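K.L.:
File name run.txt; file contents compact mmCIF, C-alpha atoms; full text below.
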```txt
# COMPACT_ATOMS: atom_id res chain seq x y z
CA MET A 1 0.00 0.00 0.00
CA LYS A 2 1.38 3.38 -1.07
CA PHE A 3 -0.03 6.60 0.33
CA ILE A 4 0.85 10.26 0.60
CA LEU A 5 -0.75 13.60 1.43
CA GLY A 6 -0.49 16.73 -0.65
CA GLU A 7 -2.17 19.79 -2.06
CA LYS A 8 -3.59 20.64 -5.45
CA ILE A 9 -1.50 23.04 -7.56
CA GLY A 10 -3.73 23.13 -10.64
CA MET A 11 -4.34 21.61 -14.06
CA THR A 12 -2.19 21.68 -17.18
CA ARG A 13 -1.40 19.39 -20.11
CA MET A 14 1.40 17.06 -21.11
CA PHE A 15 2.28 15.07 -24.22
CA ASP A 16 2.74 11.30 -24.31
CA ALA A 17 5.24 9.37 -26.44
CA SER A 18 2.86 9.48 -29.43
CA GLY A 19 2.42 13.24 -29.21
CA ASN A 20 -1.13 13.08 -27.85
CA VAL A 21 -2.28 15.71 -25.37
CA VAL A 22 -2.90 14.39 -21.84
CA PRO A 23 -4.84 16.62 -19.39
CA VAL A 24 -3.21 16.34 -15.96
CA THR A 25 -3.64 17.68 -12.44
CA VAL A 26 -0.41 18.55 -10.64
CA LEU A 27 -0.16 17.87 -6.90
CA ARG A 28 2.51 18.99 -4.45
CA ALA A 29 2.77 15.73 -2.51
CA GLY A 30 4.75 15.24 0.68
CA PRO A 31 7.10 14.55 2.11
CA VAL A 32 4.97 13.32 5.00
CA VAL A 33 6.22 12.23 8.43
CA VAL A 34 5.04 9.14 10.30
CA THR A 35 3.75 10.48 13.63
CA GLN A 36 2.34 7.29 15.16
CA VAL A 37 2.15 3.56 14.47
CA LYS A 38 -0.95 1.92 15.95
CA SER A 39 -1.09 -1.74 16.95
CA VAL A 40 -3.79 -4.23 17.90
CA GLU A 41 -2.36 -4.68 21.41
CA LYS A 42 -2.42 -1.00 22.30
CA ASP A 43 -5.05 0.59 20.04
CA GLY A 44 -7.23 -2.31 18.90
CA TYR A 45 -6.32 -2.00 15.21
CA LYS A 46 -3.33 -1.58 12.92
CA ALA A 47 -2.77 1.79 11.29
CA VAL A 48 -0.14 4.35 10.40
CA GLN A 49 -0.67 8.03 11.18
CA VAL A 50 1.18 10.57 9.06
CA GLY A 51 1.39 14.36 9.14
CA TYR A 52 1.77 17.00 6.45
CA GLY A 53 1.98 20.78 6.21
CA ARG A 54 3.26 23.42 8.58
CA ARG A 55 1.60 25.76 11.04
CA LYS A 56 2.95 28.44 13.37
CA ARG A 57 1.48 27.28 16.68
CA LEU A 58 0.19 24.06 18.18
CA ALA A 59 -1.92 23.39 21.24
CA LYS A 60 -0.16 21.68 24.15
CA PRO A 61 -1.65 18.20 23.46
CA GLN A 62 -0.54 18.46 19.83
CA LYS A 63 2.94 19.59 20.89
CA GLY A 64 3.30 16.50 23.03
CA HIS A 65 2.01 14.19 20.33
CA LEU A 66 4.24 15.70 17.62
CA LYS A 67 7.33 16.24 19.76
CA GLY A 68 10.41 16.24 17.57
CA LYS A 69 8.41 15.88 14.33
CA GLY A 70 7.63 19.52 13.56
CA ASN A 71 4.51 21.68 13.65
CA LEU A 72 2.42 19.57 11.30
CA SER A 73 -0.96 21.02 10.34
CA TRP A 74 -2.73 17.90 9.03
CA LEU A 75 -2.80 14.34 10.43
CA LYS A 76 -4.29 11.37 8.59
CA GLU A 77 -4.52 7.66 9.44
CA PHE A 78 -4.22 4.76 7.02
CA LYS A 79 -5.37 1.32 8.16
CA MET A 80 -3.13 -1.47 6.95
CA GLU A 81 -2.39 -5.11 7.65
CA ASP A 82 1.35 -4.72 8.26
CA SER A 83 2.21 -1.47 10.00
CA ASN A 84 5.46 -2.77 11.53
CA GLU A 85 7.51 -1.64 8.50
CA PHE A 86 6.99 1.98 9.55
CA ALA A 87 8.53 3.77 12.52
CA PRO A 88 7.70 7.18 14.02
CA GLY A 89 9.75 9.87 12.32
CA THR A 90 10.01 8.05 8.97
CA ARG A 91 9.63 10.35 5.97
CA ILE A 92 7.59 9.27 2.94
CA ASP A 93 7.92 11.07 -0.40
CA VAL A 94 6.71 10.68 -3.98
CA SER A 95 9.57 8.34 -4.91
CA GLY A 96 7.33 5.44 -3.89
CA PHE A 97 5.10 6.11 -6.91
CA GLU A 98 5.86 5.32 -10.52
CA PRO A 99 4.35 6.47 -13.85
CA GLY A 100 1.56 4.10 -14.78
CA ASP A 101 0.39 3.48 -11.20
CA LYS A 102 -3.37 3.62 -10.59
CA VAL A 103 -4.30 5.64 -7.50
CA ASN A 104 -7.43 6.68 -5.64
CA ILE A 105 -7.81 10.37 -4.86
CA GLN A 106 -9.81 11.85 -2.00
CA GLY A 107 -10.49 15.56 -1.55
CA ILE A 108 -13.09 18.18 -0.69
CA SER A 109 -15.07 19.41 -3.70
CA LYS A 110 -15.54 23.08 -4.47
CA GLY A 111 -18.28 24.78 -2.46
CA LYS A 112 -21.07 26.26 -4.61
CA GLY A 113 -23.18 27.82 -1.86
CA PHE A 114 -26.98 27.62 -1.79
CA ALA A 115 -28.26 26.25 -5.11
CA GLY A 116 -31.65 25.39 -6.55
CA VAL A 117 -32.82 22.00 -7.78
CA VAL A 118 -31.98 22.68 -11.44
CA LYS A 119 -28.31 23.34 -10.70
CA ARG A 120 -27.99 21.00 -7.72
CA HIS A 121 -29.85 17.91 -8.96
CA GLY A 122 -30.27 18.50 -12.69
CA PHE A 123 -34.05 19.00 -12.67
CA ARG A 124 -35.52 19.97 -16.04
CA GLY A 125 -37.65 22.80 -14.66
CA GLY A 126 -41.08 23.92 -15.77
CA TRP A 127 -42.44 25.22 -19.04
CA ALA A 128 -41.18 28.64 -20.14
CA SER A 129 -44.51 29.66 -21.71
CA HIS A 130 -48.14 28.52 -22.17
CA GLY A 131 -49.42 30.20 -19.06
CA ASN A 132 -46.50 29.26 -16.80
CA LYS A 133 -45.33 32.05 -14.51
CA HIS A 134 -42.59 32.18 -11.84
CA MET A 135 -42.17 28.36 -11.99
CA LEU A 136 -39.40 27.97 -14.56
CA ARG A 137 -36.81 26.62 -12.08
CA ALA A 138 -39.15 25.47 -9.29
CA PRO A 139 -38.96 21.90 -7.92
CA GLY A 140 -42.65 21.11 -8.38
CA SER A 141 -44.59 19.03 -5.86
CA ILE A 142 -42.55 17.90 -2.85
CA GLY A 143 -45.22 15.93 -0.95
CA MET A 144 -48.50 14.08 -1.30
CA SER A 145 -52.03 14.07 0.13
CA TRP A 146 -51.06 11.31 2.57
CA PRO A 147 -49.16 11.06 4.93
CA GLU A 148 -49.19 14.86 4.57
CA ARG A 149 -45.47 15.41 5.01
CA VAL A 150 -42.30 15.76 2.94
CA PRO A 151 -40.59 12.31 2.74
CA LYS A 152 -37.01 11.93 3.90
CA GLY A 153 -34.40 12.23 1.18
CA ARG A 154 -36.49 14.41 -1.13
CA LYS A 155 -34.23 16.27 -3.56
CA MET A 156 -34.60 19.96 -2.83
CA ALA A 157 -32.64 23.21 -2.93
CA GLY A 158 -29.78 23.55 -0.45
CA ARG A 159 -26.04 23.75 0.07
CA MET A 160 -24.14 22.39 -2.90
CA GLY A 161 -20.56 21.16 -2.96
CA TYR A 162 -17.91 21.09 -0.22
CA ASP A 163 -18.31 17.31 0.12
CA LYS A 164 -15.73 14.57 0.53
CA VAL A 165 -15.24 13.13 -2.97
CA THR A 166 -13.27 10.04 -4.00
CA VAL A 167 -12.05 9.53 -7.58
CA LYS A 168 -10.75 6.05 -8.33
CA ASN A 169 -8.14 4.69 -10.72
CA LEU A 170 -6.43 7.88 -11.83
CA GLU A 171 -3.19 7.20 -13.68
CA VAL A 172 0.12 8.65 -12.51
CA ILE A 173 1.66 10.37 -15.54
CA GLU A 174 4.80 11.90 -14.02
CA VAL A 175 6.70 11.71 -10.73
CA ASP A 176 9.10 14.55 -9.89
CA SER A 177 11.06 13.60 -6.76
CA LYS A 178 13.17 16.77 -6.93
CA ASN A 179 10.17 19.11 -6.61
CA ASN A 180 7.89 16.64 -4.75
CA THR A 181 5.12 16.75 -7.36
CA LEU A 182 2.79 14.19 -8.93
CA ALA A 183 1.00 14.61 -12.26
CA LEU A 184 -2.25 12.62 -12.50
CA ARG A 185 -4.35 12.08 -15.60
CA GLY A 186 -7.71 13.87 -15.37
CA ALA A 187 -9.38 16.10 -12.81
CA VAL A 188 -9.01 16.05 -9.03
CA PRO A 189 -11.72 17.38 -6.69
CA GLY A 190 -11.18 20.68 -4.88
CA ASN A 191 -9.81 24.12 -5.62
CA ARG A 192 -6.17 25.19 -5.81
CA GLY A 193 -4.42 24.71 -2.50
CA SER A 194 -6.92 22.16 -1.16
CA TRP A 195 -5.59 19.07 0.60
CA ILE A 196 -5.59 15.77 -1.27
CA VAL A 197 -5.12 12.15 -0.16
CA VAL A 198 -3.38 9.81 -2.64
CA VAL A 199 -3.62 6.03 -2.07
CA LYS A 200 -2.47 3.05 -4.14
CA LYS A 201 -3.58 -0.28 -2.69
```
Please express what this file holds, its structure, as structure tokens.

P.N.:
Amino acid sequence: MKFILGEKIGMTRMFDASGNVVPVTVLRAGPVVVTQVKSVEKDGYKAVQVGYGRRKRLAKPQKGHLKGKGNLSWLKEFKMEDSNEFAPGTRIDVSGFEPGDKVNIQGISKGKGFAGVVKRHGFRGGWASHGNKHMLRAPGSIGMSWPERVPKGRKMAGRMGYDKVTVKNLEVIEVDSKNNTLALRGAVPGNRGSWIVVVKK
């Protein structure tokens, strides 16, 4: 299992060996520091906790937990069968990935604010003429005569975006160990500077 944390730089394009254009998303990934190794005897499960980023100040509990590992701003756990190969303080960088690897990406999608049903759920909307008025982008009926309530899960207007999104099987196009960057084929959720989790199982 390969994993790393990073942040989204943005999208660009590259050319493959045949000269075809490949749309890629560039990530600044790692290096991350192993902050804790969890075991079944002590914690009830096996996992590796890693940290990424930098912040100015830490609370006292965080200072004790991260003593000697730096002021890390983001901690993330990865459950795994064999966590004994890692030790606290170990650094993990992008050199563990290779072009052609398939990875799963997890990030927070862009927030769109309050949106109606046409934008949020793809509703068709009402007629634009023939006596219709003020109902072009309305949701229509949201209930029924019985049991005289709105059922749970009804698609309605509300907050759109800013959700945890996972994109599977993105191909690694380029690995730059010197600059700690990864280039992945296709789009990655989130805006520029948002944190991204990269996992290859």

K.L.:
May I ask which of the residues A:Val48, A:Val198, A:Leu184, A:Met135 is the closest one to Thr12 (chain A), counting all atoms listed in the file?

P.N.:
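Smallest distance to Thr12 (chain A) is found for A:Leu184.
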
K.L.:
Rank nothing, just name the residue among A:Phe78, A:Phe97, A:Tyr52, A:Phe123 nearest to Gly6 (chain A), using only C-alpha atoms.

P.N.:
A:Tyr52

K.L.:
Near Pro88 (chain A), within 7 Å and counting only C-alpha atoms, which residues show up once chain neighbours fewer than 2 positions away are dropped, as a JSON list (two decimals) with C-alpha atoms, keeping the file's coordinate frame?

P.N.:
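File produced: selection08.json:
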```json
[["chain", "number", "residue", "atom", "x", "y", "z"],
["A", 34, "VAL", "CA", 5.04, 9.14, 10.30],
["A", 35, "THR", "CA", 3.75, 10.48, 13.63],
["A", 36, "GLN", "CA", 2.34, 7.29, 15.16],
["A", 37, "VAL", "CA", 2.15, 3.56, 14.47],
["A", 86, "PHE", "CA", 6.99, 1.98, 9.55],
["A", 90, "THR", "CA", 10.01, 8.05, 8.97]]
```

K.L.:
Report, in Å to a single decimal, how far apart CA of Arg185 (chain A) and CA of Phe15 (chain A) are.

P.N.:
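Between CA of Phe15 (chain A) and CA of Arg185 (chain A) the gap is 11.3 Å.
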
K.L.:
Quick one: what's the axis-aligned box for region 183-194 of chain A, all listed atoms, 3 Å on every side, centre and edges in Å to one decimal, as AutoDock Vina command-line options?

P.N.:
```
--center_x -5.4 --center_y 18.6 --center_z -8.4 --size_x 18.7 --size_y 19.1 --size_z 20.4
```

K.L.:
With a distance cut-off of 7 Å and all atoms listed in the file, select the neighbouring residues of Gly111 (chain A), excluding the residue or stretch itself and same-chain residues fewer than 6 positions from it, and output the selection as a JSON list (two decimals) with C-alpha atoms, in the frame of the given file.

P.N.:
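Output saved as out.json:
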```json
[["chain", "number", "residue", "atom", "x", "y", "z"],
["A", 160, "MET", "CA", -24.14, 22.39, -2.90],
["A", 161, "GLY", "CA", -20.56, 21.16, -2.96],
["A", 162, "TYR", "CA", -17.91, 21.09, -0.22]]
```

K.L.:
Please indicate the distance in Å from CA of Ser177 (chain A) to CA of Gly100 (chain A), rounded to one decimal place.

P.N.:
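CA of Gly100 (chain A) lies 15.6 Å from CA of Ser177 (chain A).
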
K.L.:
Work out how far CA of Asn169 (chain A) is from CA of Leu75 (chain A), in Å to one decimal.

P.N.:
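If I compute the distance from CA of Leu75 (chain A) to CA of Asn169 (chain A), I get 23.9 Å.
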
K.L.:
Just checking: using all atoms listed in the file, which residue out of A:Lys79, A:Lys112, A:Arg192, A:Lys119 ends up closest to Met11 (chain A)?

P.N.:
A:Arg192

K.L.:
Which polymer residues, whether protein, DNA or RNA, lie within 9 Å of the coordinate (-1.7, 17.1, -19.2) when you count all atoms listed in the file? List them as JSON, numbers by chain, using the chain letters and numbers from the file.

P.N.:
{"A": [11, 12, 13, 14, 15, 16, 21, 22, 23, 24, 25, 26, 173, 183, 184, 185, 186]}

K.L.:
Smallest atom-to-atom distance to Glu7 (chain A): which of A:Gly107, A:Gly158, A:Gly44, A:Gly143, using only C-alpha atoms?

P.N.:
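Selected residue with least distance to Glu7 (chain A): A:Gly107.
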